[in-house]
Amino acid sequence: MSEIKKIRAPFDEATARGLQAGQCVLISGTIIAARDAAHKKMIEALDKGQALPVDLHGAVIYYVGPSPSKPGFVIGSAGPTTAGRMDAYAPRLIREAGLRGMIGKGYRKPEVVAAMQEYGVPYLAAVGGAGALIARCIKKYTVLAYAELGAEALAAMEVEDFPAIVVIDSKGNNYYEMGQAAYRQLA
Amino acid sequence: MREISVQHISDAVRELAIQACCILPQDVYAALAKSQESEPSPVGKSILKQIVKNADIARTDAVPMCQDTGITIIFAEVGQDVHIVGGSFEEAVNDGVRRGYSEGYLRKSMVAEPLFDRVNTKDNTPAMLHTRLVPGQHVRLRLAPKGAGSENKSMLKMLIPADGIEGVRKVVLEAVLAAGPNSCPPLVVGVGLGGSMEMAALCAKKAASRDLASSNPDPRYAAFEEELLELINKTGIGPQGLGGATTALKVHVEFCPTHIASLPVAVNINCHAARHAEILL
């Protein structure tokens, strides 16, 4: 396994384009938490020509819906949710809002990968089901908009050494395909 | 006739919900720890290490292992010599879910109706309750919270007898390949064979939440479980779908008598946190 690379979010262009499929990274800085309902609302805002509640230029969206936080904790369990459910929305956020990175789990549709290649955007996976471990990397959680959505609200997360793996890089290399092919023993 | 109060039942469900979400059962923990040793992929190994560490943190901090604390599946076996006193059994179970999810800081993921409004019930009720009347004077409750990432990849096919064992292999493999990384492998795969459509699905669900140290008591089915596990682990999907030899920790098969013209196959996929907790009252 390659050496673990430390990177900062939001992503600048060099960071986003420099990430390679299969690379393990530790992310520090600020990422944006959003999942199904918040995406739907952001797309509705774009449709109406309204400004988004947060500037997504350079932003990294983390697909997550945390569990409630216990007293004395920053956040509850906060692992990634299935990214594919956001495939209908992601290309527009990349093309129209400047989204620069995504963190989730699972396969993406070809149209998302096409937008990623066009605009130099990587997709990273966090370990699904490692919500307690990931929560320890989240130092601050601030709801930015759509508070009525509860766990699905749009929020800023300050993270320190958040562990992730680059799955699809900005050139379209796909580590799900590469990694699985290396261990496949079926005809 | 033994009396059990609804309060006792509600309290038990509350505890089981919190325990199941925050403490990885020993059988699953042991299987994950073992897979760390055998996994040949360095990336896979590091993921399995993170998963085990996550279970340790969840237990220490008393927080859920995964934010998706699931739809609450409950298998209840009620002894026919038990008299439940003080109210309704089903209401007691749901009251326990309500208190467990609220007081345990678990995520509430249930919507009251699936198609139009999808309004959250805000307390994770109702539980998916499967109650059986059995001989005796005890109540056994087994609670298995189920996240949507894995539940959404379930599959049911009504095969015919001529499809045979090869047909079953194909359905199981199809479900696992479709699940890919989305269901958080390494998986626990539950296969339900026979019965009617809903009985096959129920068998698959029971199989997916069975203890990992167990095998089907019929040696032919136990051998089939092993064979399916080997087959699944040859897909290369690996931990989190990033490649490796540990795509599943275990395959469980449960079967039921069926019609002369039918061979129903249901596959219920569980993620690596094959959560379950049980109590005998």
# chains A, B, ... in the order shown; residues from 1 in each chain; ligands from 1
$ select_by_dssp --residues "stretch 2-86 of chain B" --states "helix (DSSP H, G or I)" --output "MDAnalysis selection string"
chainID B and resid 6:22 26:38 42:61
$ closest_atom_pairs --of "chain A" --to "chain B" --cutoff "7 Å" --atoms "only C-alpha atoms" --output "tab-separated table"
residue	atom	partner	partner_atom	distance
A:Met1	CA	B:Pro42	CA	5.8
A:Pro66	CA	B:Gln67	CA	5.3
A:Ser67	CA	B:Arg107	CA	4.5
A:Pro68	CA	B:Tyr105	CA	5.3
A:Ser69	CA	B:Tyr105	CA	6.6
A:Lys70	CA	B:Tyr105	CA	6.2
A:Ser77	CA	B:Gln67	CA	4.6
A:Ala78	CA	B:Gln67	CA	5.5
A:Gly79	CA	B:Gln67	CA	6.3
A:Thr82	CA	B:Asn182	CA	6.0
A:Lys105	CA	B:Asn182	CA	6.3
A:Gly106	CA	B:Asn182	CA	4.4
A:Tyr107	CA	B:Asn182	CA	7.0
A:Val127	CA	B:Gln240	CA	6.8
A:Gly128	CA	B:Cys184	CA	5.6
A:Gly129	CA	B:Cys66	CA	4.7
A:Ala130	CA	B:Asn54	CA	5.4
A:Gly131	CA	B:Cys66	CA	4.7
A:Ala132	CA	B:Met65	CA	5.4
A:Leu133	CA	B:Asn54	CA	4.9
A:Tyr175	CA	B:Leu242	CA	6.5
A:Tyr176	CA	B:Leu242	CA	5.0
A:Gly179	CA	B:Gly243	CA	4.1
A:Gln180	CA	B:Gly243	CA	3.9
A:Ala181	CA	B:Gly236	CA	6.5
A:Ala182	CA	B:Gly243	CA	6.9
A:Tyr183	CA	B:Gly236	CA	4.4
A:Arg184	CA	B:Gly236	CA	4.0
A:Gln185	CA	B:Lys234	CA	4.9
A:Leu186	CA	B:Lys234	CA	5.9
$ write_last_selection --atoms "N, CA and C atoms" --output "PDB file, in the first residue's frame"
ATOM      1  N   MET A   1       0.853  -1.190   0.000  1.00  0.00           N
ATOM      2  CA  MET A   1       0.000   0.000   0.000  1.00  0.00           C
ATOM      3  C   MET A   1       0.890   1.242   0.000  1.00  0.00           C
ATOM      4  N   PRO A  66     -25.445  11.766  10.165  1.00  0.00           N
ATOM      5  CA  PRO A  66     -24.963  11.276  11.464  1.00  0.00           C
ATOM      6  C   PRO A  66     -26.081  10.863  12.417  1.00  0.00           C
ATOM      7  N   SER A  67     -25.724  10.022  13.365  1.00  0.00           N
ATOM      8  CA  SER A  67     -26.669   9.727  14.448  1.00  0.00           C
ATOM      9  C   SER A  67     -26.576  10.879  15.457  1.00  0.00           C
ATOM     10  N   PRO A  68     -27.584  11.040  16.335  1.00  0.00           N
ATOM     11  CA  PRO A  68     -27.563  12.175  17.276  1.00  0.00           C
ATOM     12  C   PRO A  68     -26.332  12.120  18.180  1.00  0.00           C
ATOM     13  N   SER A  69     -25.824  13.310  18.552  1.00  0.00           N
ATOM     14  CA  SER A  69     -24.641  13.284  19.414  1.00  0.00           C
ATOM     15  C   SER A  69     -25.038  13.139  20.874  1.00  0.00           C
ATOM     16  N   LYS A  70     -24.240  12.368  21.599  1.00  0.00           N
ATOM     17  CA  LYS A  70     -24.432  12.238  23.044  1.00  0.00           C
ATOM     18  C   LYS A  70     -23.918  13.515  23.708  1.00  0.00           C
ATOM     19  N   SER A  77     -22.359   8.929  15.560  1.00  0.00           N
ATOM     20  CA  SER A  77     -21.657   8.107  14.588  1.00  0.00           C
ATOM     21  C   SER A  77     -21.822   8.759  13.213  1.00  0.00           C
ATOM     22  N   ALA A  78     -20.759   8.765  12.394  1.00  0.00           N
ATOM     23  CA  ALA A  78     -20.814   9.580  11.171  1.00  0.00           C
ATOM     24  C   ALA A  78     -20.054   8.946  10.004  1.00  0.00           C
ATOM     25  N   GLY A  79     -20.410   7.727   9.653  1.00  0.00           N
ATOM     26  CA  GLY A  79     -19.790   7.062   8.507  1.00  0.00           C
ATOM     27  C   GLY A  79     -20.475   7.462   7.209  1.00  0.00           C
ATOM     28  N   THR A  82     -24.393   5.619   1.006  1.00  0.00           N
ATOM     29  CA  THR A  82     -24.238   5.203  -0.387  1.00  0.00           C
ATOM     30  C   THR A  82     -24.266   6.400  -1.340  1.00  0.00           C
ATOM     31  N   LYS A 105     -19.519   6.122  -0.241  1.00  0.00           N
ATOM     32  CA  LYS A 105     -19.169   4.713  -0.442  1.00  0.00           C
ATOM     33  C   LYS A 105     -19.976   4.189  -1.620  1.00  0.00           C
ATOM     34  N   GLY A 106     -19.393   3.271  -2.365  1.00  0.00           N
ATOM     35  CA  GLY A 106     -20.113   2.590  -3.432  1.00  0.00           C
ATOM     36  C   GLY A 106     -19.907   3.171  -4.818  1.00  0.00           C
ATOM     37  N   TYR A 107     -20.455   2.433  -5.793  1.00  0.00           N
ATOM     38  CA  TYR A 107     -20.268   2.747  -7.204  1.00  0.00           C
ATOM     39  C   TYR A 107     -20.910   4.076  -7.602  1.00  0.00           C
ATOM     40  N   VAL A 127     -14.582   4.379   5.055  1.00  0.00           N
ATOM     41  CA  VAL A 127     -14.976   3.009   5.372  1.00  0.00           C
ATOM     42  C   VAL A 127     -16.413   2.993   5.891  1.00  0.00           C
ATOM     43  N   GLY A 128     -17.293   2.375   5.100  1.00  0.00           N
ATOM     44  CA  GLY A 128     -18.688   2.273   5.496  1.00  0.00           C
ATOM     45  C   GLY A 128     -18.816   1.473   6.779  1.00  0.00           C
ATOM     46  N   GLY A 129     -19.595   1.991   7.703  1.00  0.00           N
ATOM     47  CA  GLY A 129     -19.783   1.284   8.973  1.00  0.00           C
ATOM     48  C   GLY A 129     -18.715   1.585  10.004  1.00  0.00           C
ATOM     49  N   ALA A 130     -17.792   2.516   9.665  1.00  0.00           N
ATOM     50  CA  ALA A 130     -16.781   2.893  10.665  1.00  0.00           C
ATOM     51  C   ALA A 130     -17.151   4.252  11.271  1.00  0.00           C
ATOM     52  N   GLY A 131     -18.426   4.422  11.569  1.00  0.00           N
ATOM     53  CA  GLY A 131     -18.951   5.719  11.991  1.00  0.00           C
ATOM     54  C   GLY A 131     -18.431   6.240  13.314  1.00  0.00           C
ATOM     55  N   ALA A 132     -18.094   5.333  14.227  1.00  0.00           N
ATOM     56  CA  ALA A 132     -17.601   5.761  15.538  1.00  0.00           C
ATOM     57  C   ALA A 132     -16.160   6.246  15.414  1.00  0.00           C
ATOM     58  N   LEU A 133     -15.393   5.535  14.586  1.00  0.00           N
ATOM     59  CA  LEU A 133     -13.988   5.904  14.359  1.00  0.00           C
ATOM     60  C   LEU A 133     -13.902   7.242  13.622  1.00  0.00           C
ATOM     61  N   TYR A 175     -10.602   2.612  -8.772  1.00  0.00           N
ATOM     62  CA  TYR A 175      -9.953   1.609  -7.926  1.00  0.00           C
ATOM     63  C   TYR A 175     -10.879   0.464  -7.537  1.00  0.00           C
ATOM     64  N   TYR A 176     -12.200   0.664  -7.609  1.00  0.00           N
ATOM     65  CA  TYR A 176     -13.089  -0.489  -7.395  1.00  0.00           C
ATOM     66  C   TYR A 176     -12.777  -1.541  -8.463  1.00  0.00           C
ATOM     67  N   GLY A 179      -8.848  -2.762  -8.054  1.00  0.00           N
ATOM     68  CA  GLY A 179      -8.644  -3.579  -6.851  1.00  0.00           C
ATOM     69  C   GLY A 179      -9.336  -4.927  -6.952  1.00  0.00           C
ATOM     70  N   GLN A 180     -10.570  -4.919  -7.464  1.00  0.00           N
ATOM     71  CA  GLN A 180     -11.318  -6.181  -7.565  1.00  0.00           C
ATOM     72  C   GLN A 180     -10.712  -7.104  -8.614  1.00  0.00           C
ATOM     73  N   ALA A 181     -10.272  -6.518  -9.732  1.00  0.00           N
ATOM     74  CA  ALA A 181      -9.694  -7.336 -10.808  1.00  0.00           C
ATOM     75  C   ALA A 181      -8.465  -8.095 -10.304  1.00  0.00           C
ATOM     76  N   ALA A 182      -7.712  -7.449  -9.407  1.00  0.00           N
ATOM     77  CA  ALA A 182      -6.484  -8.069  -8.905  1.00  0.00           C
ATOM     78  C   ALA A 182      -6.760  -9.327  -8.071  1.00  0.00           C
ATOM     79  N   TYR A 183      -7.952  -9.434  -7.516  1.00  0.00           N
ATOM     80  CA  TYR A 183      -8.244 -10.577  -6.633  1.00  0.00           C
ATOM     81  C   TYR A 183      -9.362 -11.475  -7.163  1.00  0.00           C
ATOM     82  N   ARG A 184      -9.871 -11.186  -8.370  1.00  0.00           N
ATOM     83  CA  ARG A 184     -10.956 -11.994  -8.912  1.00  0.00           C
ATOM     84  C   ARG A 184     -10.438 -13.350  -9.373  1.00  0.00           C
ATOM     85  N   GLN A 185     -11.137 -14.428  -8.933  1.00  0.00           N
ATOM     86  CA  GLN A 185     -10.729 -15.774  -9.342  1.00  0.00           C
ATOM     87  C   GLN A 185     -11.834 -16.483 -10.106  1.00  0.00           C
ATOM     88  N   LEU A 186     -12.883 -15.742 -10.477  1.00  0.00           N
ATOM     89  CA  LEU A 186     -13.984 -16.355 -11.222  1.00  0.00           C
ATOM     90  C   LEU A 186     -13.746 -16.193 -12.713  1.00  0.00           C
TER      91      LEU A 186
END
$ closest_residue --among "A:Ala59, A:Ile27, A:Val143, A:Ile94" --to "A:Gly120" --atoms "only C-alpha atoms"
A:Ile94
$ atom_distance --atom1 "atom CA of A:Leu149" --atom2 "atom CA of B:Val119"
10.9 Å
$ atom_distance --atom1 "atom CA of B:Leu133" --atom2 "atom CA of B:Val78"
5.0 Å
$ residues_around --residues "stretch 30-33 of chain A" --least-positions-apart "6" --cutoff "10 Å" --atoms "only C-alpha atoms" --output "PyMOL selection string"
chain A and resi 8-11+54+56+58-66+78+80+101-103+138-144+151-160
$ residues_around --residues "A:Glu96" --least-positions-apart "6" --cutoff "12 Å" --atoms "only C-alpha atoms" --output "PDB file with N, CA and C atoms, in the first residue's frame"
ATOM      1  N   MET A  42     -30.769  21.720  -2.960  1.00  0.00           N
ATOM      2  CA  MET A  42     -29.779  22.531  -3.673  1.00  0.00           C
ATOM      3  C   MET A  42     -30.085  22.552  -5.174  1.00  0.00           C
ATOM      4  N   ILE A  43     -30.509  21.411  -5.706  1.00  0.00           N
ATOM      5  CA  ILE A  43     -30.844  21.343  -7.134  1.00  0.00           C
ATOM      6  C   ILE A  43     -32.079  22.208  -7.418  1.00  0.00           C
ATOM      7  N   ALA A  45     -32.846  24.885  -5.842  1.00  0.00           N
ATOM      8  CA  ALA A  45     -32.350  26.269  -5.815  1.00  0.00           C
ATOM      9  C   ALA A  45     -31.696  26.611  -7.155  1.00  0.00           C
ATOM     10  N   LEU A  46     -30.889  25.694  -7.693  1.00  0.00           N
ATOM     11  CA  LEU A  46     -30.245  25.939  -8.995  1.00  0.00           C
ATOM     12  C   LEU A  46     -31.297  26.111 -10.087  1.00  0.00           C
ATOM     13  N   ASP A  47     -32.344  25.271 -10.027  1.00  0.00           N
ATOM     14  CA  ASP A  47     -33.424  25.360 -11.019  1.00  0.00           C
ATOM     15  C   ASP A  47     -34.076  26.738 -11.012  1.00  0.00           C
ATOM     16  N   GLY A  49     -32.641  29.439 -10.158  1.00  0.00           N
ATOM     17  CA  GLY A  49     -31.646  30.485 -10.344  1.00  0.00           C
ATOM     18  C   GLY A  49     -31.231  31.159  -9.046  1.00  0.00           C
ATOM     19  N   GLN A  50     -31.507  30.485  -7.911  1.00  0.00           N
ATOM     20  CA  GLN A  50     -31.139  31.070  -6.611  1.00  0.00           C
ATOM     21  C   GLN A  50     -29.711  30.670  -6.227  1.00  0.00           C
ATOM     22  N   ALA A  51     -29.128  31.481  -5.328  1.00  0.00           N
ATOM     23  CA  ALA A  51     -27.790  31.145  -4.827  1.00  0.00           C
ATOM     24  C   ALA A  51     -27.908  29.963  -3.853  1.00  0.00           C
ATOM     25  N   LEU A  52     -26.886  29.107  -3.828  1.00  0.00           N
ATOM     26  CA  LEU A  52     -26.887  27.996  -2.870  1.00  0.00           C
ATOM     27  C   LEU A  52     -26.589  28.548  -1.478  1.00  0.00           C
ATOM     28  N   ASP A  55     -21.239  28.304  -0.550  1.00  0.00           N
ATOM     29  CA  ASP A  55     -20.451  28.356  -1.783  1.00  0.00           C
ATOM     30  C   ASP A  55     -19.713  27.017  -1.940  1.00  0.00           C
ATOM     31  N   LEU A  56     -19.986  26.322  -3.030  1.00  0.00           N
ATOM     32  CA  LEU A  56     -19.391  24.997  -3.207  1.00  0.00           C
ATOM     33  C   LEU A  56     -18.098  25.020  -4.028  1.00  0.00           C
ATOM     34  N   HIS A  57     -17.626  26.199  -4.410  1.00  0.00           N
ATOM     35  CA  HIS A  57     -16.377  26.236  -5.191  1.00  0.00           C
ATOM     36  C   HIS A  57     -15.217  25.693  -4.358  1.00  0.00           C
ATOM     37  N   TYR A  89     -27.803  14.094  -8.828  1.00  0.00           N
ATOM     38  CA  TYR A  89     -27.557  15.515  -8.514  1.00  0.00           C
ATOM     39  C   TYR A  89     -26.099  15.943  -8.718  1.00  0.00           C
ATOM     40  N   ALA A  90     -25.170  15.004  -8.513  1.00  0.00           N
ATOM     41  CA  ALA A  90     -23.742  15.371  -8.455  1.00  0.00           C
ATOM     42  C   ALA A  90     -23.234  16.084  -9.712  1.00  0.00           C
ATOM     43  N   ALA A 115     -18.527  13.896 -15.627  1.00  0.00           N
ATOM     44  CA  ALA A 115     -18.435  15.265 -15.089  1.00  0.00           C
ATOM     45  C   ALA A 115     -17.160  15.429 -14.265  1.00  0.00           C
ATOM     46  N   TYR A 119     -14.190  18.206 -15.109  1.00  0.00           N
ATOM     47  CA  TYR A 119     -13.873  19.312 -14.208  1.00  0.00           C
ATOM     48  C   TYR A 119     -12.767  19.008 -13.190  1.00  0.00           C
TER      49      TYR A 119
END
$ residues_around --residues "stretch 190-195 of chain B" --least-positions-apart "3" --cutoff "6 Å" --atoms "only C-alpha atoms" --output "list in words"
Met199, Ala200, Cys203, Ala204, Ala207, Ala208, His252, Val253, Glu254, Phe255, Cys256, Pro257, Thr258, Leu263, Pro264, Val265, Ala266, Val267 and Asn268 of chain B
$ write_last_selection --atoms "N, CA and C atoms" --output "CSV table (one decimal), in the first residue's frame"
chain,number,residue,atom,x,y,z
B,199,MET,N,-42.2,-16.6,2.9
B,199,MET,CA,-41.5,-17.5,3.8
B,199,MET,C,-40.0,-17.6,3.4
B,200,ALA,N,-39.8,-17.6,2.1
B,200,ALA,CA,-38.4,-17.6,1.7
B,200,ALA,C,-37.6,-16.3,2.2
B,203,CYS,N,-37.0,-16.6,5.9
B,203,CYS,CA,-35.8,-17.5,6.1
B,203,CYS,C,-34.5,-16.8,5.8
B,204,ALA,N,-34.5,-16.0,4.7
B,204,ALA,CA,-33.2,-15.3,4.4
B,204,ALA,C,-32.9,-14.3,5.5
B,207,ALA,N,-31.6,-16.1,8.4
B,207,ALA,CA,-30.2,-16.6,8.1
B,207,ALA,C,-29.2,-15.5,8.3
B,208,ALA,N,-29.6,-14.3,7.8
B,208,ALA,CA,-28.6,-13.2,7.8
B,208,ALA,C,-28.3,-12.7,9.3
B,252,HIS,N,-25.1,-18.1,5.4
B,252,HIS,CA,-26.0,-18.9,6.1
B,252,HIS,C,-27.2,-19.2,5.2
B,253,VAL,N,-27.6,-20.5,5.2
B,253,VAL,CA,-28.8,-20.9,4.5
B,253,VAL,C,-29.8,-21.5,5.4
B,254,GLU,N,-31.0,-21.0,5.2
B,254,GLU,CA,-32.2,-21.6,6.0
B,254,GLU,C,-33.2,-22.1,5.0
B,255,PHE,N,-33.8,-23.2,5.2
B,255,PHE,CA,-34.8,-23.7,4.3
B,255,PHE,C,-36.1,-24.0,4.9
B,256,CYS,N,-37.1,-24.2,4.0
B,256,CYS,CA,-38.5,-24.4,4.4
B,256,CYS,C,-39.1,-25.4,3.4
B,257,PRO,N,-40.0,-26.3,3.9
B,257,PRO,CA,-40.7,-27.1,2.9
B,257,PRO,C,-41.4,-26.2,1.8
B,258,THR,N,-41.5,-26.7,0.6
B,258,THR,CA,-42.1,-25.9,-0.4
B,258,THR,C,-43.0,-26.7,-1.4
B,263,LEU,N,-39.2,-23.4,-6.4
B,263,LEU,CA,-37.9,-23.3,-5.7
B,263,LEU,C,-37.6,-21.8,-5.4
B,264,PRO,N,-38.3,-21.2,-4.4
B,264,PRO,CA,-38.1,-19.8,-4.1
B,264,PRO,C,-36.7,-19.6,-3.5
B,265,VAL,N,-36.0,-18.6,-3.9
B,265,VAL,CA,-34.6,-18.2,-3.4
B,265,VAL,C,-34.7,-16.8,-3.0
B,266,ALA,N,-34.4,-16.5,-1.7
B,266,ALA,CA,-34.3,-15.1,-1.2
B,266,ALA,C,-32.9,-14.9,-0.7
B,267,VAL,N,-32.4,-13.7,-1.0
B,267,VAL,CA,-31.0,-13.4,-0.5
B,267,VAL,C,-31.1,-12.1,0.3
B,268,ASN,N,-30.8,-12.2,1.6
B,268,ASN,CA,-30.7,-11.0,2.4
B,268,ASN,C,-29.3,-10.7,2.8
$ residues_around --residues "A:Ala88" --least-positions-apart "5" --cutoff "12 Å" --atoms "only C-alpha atoms" --output "ChimeraX atom specification"
/A:35-36,39-40,43,83,93-94,108-112,115
$ residues_around --residues "B:Gly79" --least-positions-apart "3" --cutoff "12 Å" --atoms "only C-alpha atoms" --output "ChimeraX atom specification"
/B:1-4,76,82-84,131-141,280-281
$ write_last_selection --atoms "N, CA and C atoms" --output "mmCIF file, in the first residue's frame"
data_model
loop_
_atom_site.group_PDB
_atom_site.id
_atom_site.type_symbol
_atom_site.label_atom_id
_atom_site.label_comp_id
_atom_site.auth_asym_id
_atom_site.auth_seq_id
_atom_site.Cartn_x
_atom_site.Cartn_y
_atom_site.Cartn_z
ATOM 1 N N MET B 1 -49.607 -20.884 34.371
ATOM 2 C CA MET B 1 -49.511 -19.702 33.500
ATOM 3 C C MET B 1 -48.585 -18.672 34.130
ATOM 4 N N ARG B 2 -47.485 -18.353 33.424
ATOM 5 C CA ARG B 2 -46.525 -17.384 33.954
ATOM 6 C C ARG B 2 -46.882 -15.987 33.448
ATOM 7 N N GLU B 3 -46.810 -15.023 34.338
ATOM 8 C CA GLU B 3 -47.134 -13.657 33.933
ATOM 9 C C GLU B 3 -45.871 -12.860 33.606
ATOM 10 N N ILE B 4 -45.896 -12.140 32.489
ATOM 11 C CA ILE B 4 -44.803 -11.214 32.142
ATOM 12 C C ILE B 4 -45.451 -9.874 31.823
ATOM 13 N N ALA B 76 -39.747 -12.464 17.768
ATOM 14 C CA ALA B 76 -40.241 -12.775 19.111
ATOM 15 C C ALA B 76 -40.817 -14.179 19.128
ATOM 16 N N VAL B 82 -47.448 -18.251 28.571
ATOM 17 C CA VAL B 82 -47.159 -16.930 29.134
ATOM 18 C C VAL B 82 -48.410 -16.065 29.025
ATOM 19 N N HIS B 83 -48.701 -15.381 30.103
ATOM 20 C CA HIS B 83 -49.790 -14.401 30.083
ATOM 21 C C HIS B 83 -49.151 -13.014 30.130
ATOM 22 N N ILE B 84 -49.315 -12.247 29.064
ATOM 23 C CA ILE B 84 -48.735 -10.897 29.021
ATOM 24 C C ILE B 84 -49.731 -9.933 29.662
ATOM 25 N N THR B 131 -43.665 -12.415 15.174
ATOM 26 C CA THR B 131 -43.973 -13.133 16.414
ATOM 27 C C THR B 131 -44.424 -14.552 16.111
ATOM 28 N N ARG B 132 -43.864 -15.512 16.864
ATOM 29 C CA ARG B 132 -44.293 -16.913 16.744
ATOM 30 C C ARG B 132 -44.749 -17.398 18.108
ATOM 31 N N LEU B 133 -45.803 -18.164 18.098
ATOM 32 C CA LEU B 133 -46.281 -18.774 19.339
ATOM 33 C C LEU B 133 -45.593 -20.121 19.461
ATOM 34 N N VAL B 134 -44.920 -20.360 20.593
ATOM 35 C CA VAL B 134 -44.154 -21.597 20.768
ATOM 36 C C VAL B 134 -44.548 -22.253 22.094
ATOM 37 N N PRO B 135 -44.235 -23.540 22.311
ATOM 38 C CA PRO B 135 -44.521 -24.159 23.604
ATOM 39 C C PRO B 135 -43.683 -23.495 24.701
ATOM 40 N N GLY B 136 -44.151 -23.595 25.946
ATOM 41 C CA GLY B 136 -43.329 -23.126 27.061
ATOM 42 C C GLY B 136 -43.831 -21.863 27.716
ATOM 43 N N GLN B 137 -43.001 -21.383 28.666
ATOM 44 C CA GLN B 137 -43.434 -20.238 29.473
ATOM 45 C C GLN B 137 -42.407 -19.104 29.456
ATOM 46 N N HIS B 138 -41.726 -18.989 28.318
ATOM 47 C CA HIS B 138 -40.738 -17.914 28.178
ATOM 48 C C HIS B 138 -41.049 -17.050 26.969
ATOM 49 N N VAL B 139 -40.428 -15.869 26.938
ATOM 50 C CA VAL B 139 -40.476 -15.014 25.747
ATOM 51 C C VAL B 139 -39.032 -14.790 25.311
ATOM 52 N N ARG B 140 -38.740 -15.148 24.064
ATOM 53 C CA ARG B 140 -37.392 -14.905 23.534
ATOM 54 C C ARG B 140 -37.483 -13.755 22.528
ATOM 55 N N LEU B 141 -36.641 -12.744 22.721
ATOM 56 C CA LEU B 141 -36.630 -11.594 21.817
ATOM 57 C C LEU B 141 -35.258 -11.501 21.171
ATOM 58 N N LEU B 280 -33.717 -13.885 26.776
ATOM 59 C CA LEU B 280 -34.780 -14.826 27.118
ATOM 60 C C LEU B 280 -35.437 -14.339 28.404
ATOM 61 N N LEU B 281 -36.739 -14.054 28.318
ATOM 62 C CA LEU B 281 -37.448 -13.580 29.517
ATOM 63 C C LEU B 281 -38.209 -14.733 30.145
#
$ closest_residue --among "B:Leu212, B:Ala175, B:Leu228, B:Ala248" --to "B:Glu39" --atoms "only C-alpha atoms"
B:Ala248
$ select_by_dssp --residues "stretch 33-253 of chain B" --states "strand (DSSP E or B)" --output "PyMOL selection string"
chain B and resi 71-79+82-85+111+120+128-134+139-146+155-159+187-195+248-253
$ atom_distance --atom1 "atom CA of A:Lys171" --atom2 "atom CA of A:Gly18"
9.8 Å
